[in-house]
Amino acid sequence: MEQSNVRVVLVNTRFPENVGMAVRACANMGCNDLRLVTPERWIPEKAAPLATPKGQDLLHRVQVQESLLEAIGSCHCTIATTARTGGWRKALLNPWEAAALVAEAQLKGEKAALVFGSEDRGLENSEIELCQHIATIPTSGLASSLNLAQAVLLMLYECAKAVRTKEGSLPKDHLGQDEAHITAEDGERLMGAWEEALTRLDVLHGNNPAYFLMPWRRFFARARLRHHEYDAFMGLCRQILSRVAKKEQKGTK
């Protein structure tokens, strides 16, 4: 069971021991790519015993990165996990729905990222905004928060199961033929251009444009743009900015 195209990203972890258990979960499920984003403390020696002998190779390859975008930027499918629901955290996927998206990416040779927050706070809103989808694991209302390694193991198990299911339903010559989706880094570049265009058109108002941009983020996440579609939207943004600039120049004459 190999999941070489799945990346597990742990954000703001507090305890090396929890990372060690997450490493073991990744090793169990054939995931060989784990990134830490700004861990509170990272001491590999404390993580090693809980990673078990099977996880030592992965433990030695763990990368520590300075930002979530740096960790997921090259990924085509990004899924944030949360135990907190309600408010603007809408369109939540369950684990098997999220796994279907990850499996689709894997079978096309694209990279998918599963993003998990800190043990006590989970992911911040600003971190979730960087991901295309949000998933939550259904639990008892009396105890909704899972141990970090448990959540990693469960999500990776669902992904592995979804890959096997999809592999069995697709002809061999179909896999990997479709045009690749854009990466998370491309998506953030598009959102920046889209925000600038909407601002110049006076569509975004108020002191919190990121909030009013959320419906567009959800739209583009659902669309899962391919490269030619991304190029079309970026071209549209450039056209908007160019025409607004020409109109402003005429108004000053």
# chains A, B, ... in the order shown; residues from 1 in each chain; ligands from 1
>>> residues_around(residues="Ile182 of chain A", least_positions_apart="4", cutoff="8 Å", atoms="only C-alpha atoms", output="PDB file with C-alpha atoms, in the first residue's frame")
ATOM      1  CA  HIS A  76      -2.846  20.111  -6.683  1.00  0.00           C
ATOM      2  CA  ASP A 186      -1.168  28.791  -8.539  1.00  0.00           C
ATOM      3  CA  GLY A 187      -4.491  29.072  -6.714  1.00  0.00           C
ATOM      4  CA  ARG A 224     -10.556  22.548  -9.418  1.00  0.00           C
ATOM      5  CA  LEU A 225      -9.194  24.572 -12.317  1.00  0.00           C
ATOM      6  CA  ARG A 226      -6.946  23.080 -14.949  1.00  0.00           C
ATOM      7  CA  HIS A 227      -4.068  25.044 -16.423  1.00  0.00           C
ATOM      8  CA  TYR A 230      -6.318  29.178 -14.849  1.00  0.00           C
TER       9      TYR A 230
END
>>> select_by_dssp(residues="segment 28-134 of chain A", states="alpha helix (DSSP H)", output="number ranges by chain")
A: 28, 44-51, 56-61, 68-72, 95-107, 125-128
>>> atom_distance(atom1="atom CA of Val102 of chain A", atom2="atom CA of Lys166 of chain A")
10.9 Å
>>> residues_around(residues="segment 63-71 of chain A", least_positions_apart="5", cutoff="7 Å", atoms="only C-alpha atoms", output="PyMOL selection string")
chain A and resi 34-38+185
>>> write_last_selection(atoms="all heavy atoms", output="mmCIF file, in the first residue's frame")
data_model
loop_
_atom_site.group_PDB
_atom_site.id
_atom_site.type_symbol
_atom_site.label_atom_id
_atom_site.label_comp_id
_atom_site.auth_asym_id
_atom_site.auth_seq_id
_atom_site.Cartn_x
_atom_site.Cartn_y
_atom_site.Cartn_z
ATOM 1 N N LEU A 34 6.044 13.858 4.949
ATOM 2 C CA LEU A 34 5.450 14.551 6.093
ATOM 3 C C LEU A 34 6.182 15.866 6.320
ATOM 4 O O LEU A 34 7.408 15.898 6.376
ATOM 5 C CB LEU A 34 5.511 13.683 7.353
ATOM 6 C CG LEU A 34 4.703 14.192 8.550
ATOM 7 C CD1 LEU A 34 4.160 13.036 9.381
ATOM 8 C CD2 LEU A 34 5.554 15.093 9.456
ATOM 9 N N ARG A 35 5.414 16.953 6.424
ATOM 10 C CA ARG A 35 5.991 18.285 6.637
ATOM 11 C C ARG A 35 5.459 18.868 7.949
ATOM 12 O O ARG A 35 4.285 18.691 8.289
ATOM 13 C CB ARG A 35 5.608 19.231 5.488
ATOM 14 C CG ARG A 35 5.828 18.665 4.079
ATOM 15 C CD ARG A 35 7.286 18.587 3.719
ATOM 16 N NE ARG A 35 7.497 17.942 2.434
ATOM 17 C CZ ARG A 35 7.658 18.608 1.291
ATOM 18 N NH1 ARG A 35 7.631 19.931 1.275
ATOM 19 N NH2 ARG A 35 7.865 17.945 0.167
ATOM 20 N N LEU A 36 6.320 19.581 8.658
ATOM 21 C CA LEU A 36 5.929 20.324 9.849
ATOM 22 C C LEU A 36 6.010 21.813 9.532
ATOM 23 O O LEU A 36 7.000 22.283 8.963
ATOM 24 C CB LEU A 36 6.858 20.006 11.016
ATOM 25 C CG LEU A 36 6.972 18.547 11.464
ATOM 26 C CD1 LEU A 36 7.936 18.449 12.643
ATOM 27 C CD2 LEU A 36 5.612 17.978 11.830
ATOM 28 N N VAL A 37 4.973 22.532 9.900
ATOM 29 C CA VAL A 37 4.953 23.980 9.709
ATOM 30 C C VAL A 37 5.037 24.650 11.075
ATOM 31 O O VAL A 37 4.162 24.452 11.926
ATOM 32 C CB VAL A 37 3.682 24.435 8.964
ATOM 33 C CG1 VAL A 37 3.654 25.960 8.829
ATOM 34 C CG2 VAL A 37 3.596 23.774 7.588
ATOM 35 N N THR A 38 6.085 25.404 11.301
ATOM 36 C CA THR A 38 6.325 26.145 12.547
ATOM 37 C C THR A 38 5.943 25.360 13.805
ATOM 38 O O THR A 38 5.076 25.786 14.562
ATOM 39 C CB THR A 38 5.581 27.500 12.535
ATOM 40 O OG1 THR A 38 4.172 27.280 12.366
ATOM 41 C CG2 THR A 38 6.101 28.399 11.428
ATOM 42 N N GLU A 185 -0.198 26.828 -4.961
ATOM 43 C CA GLU A 185 0.519 28.075 -5.196
ATOM 44 C C GLU A 185 -0.106 28.849 -6.356
ATOM 45 O O GLU A 185 -0.277 30.076 -6.282
ATOM 46 C CB GLU A 185 1.989 27.772 -5.488
ATOM 47 C CG GLU A 185 2.881 28.995 -5.494
ATOM 48 C CD GLU A 185 4.351 28.622 -5.619
ATOM 49 O OE1 GLU A 185 4.643 27.599 -6.273
ATOM 50 O OE2 GLU A 185 5.177 29.354 -5.066
#
>>> closest_residue(among="A:Trp96, A:Ala103, A:Thr165, A:Ala112", to="Ile137 of chain A", atoms="only C-alpha atoms")
A:Trp96
>>> atom_distance(atom1="atom CA of Thr81 of chain A", atom2="atom CA of Glu124 of chain A")
10.7 Å
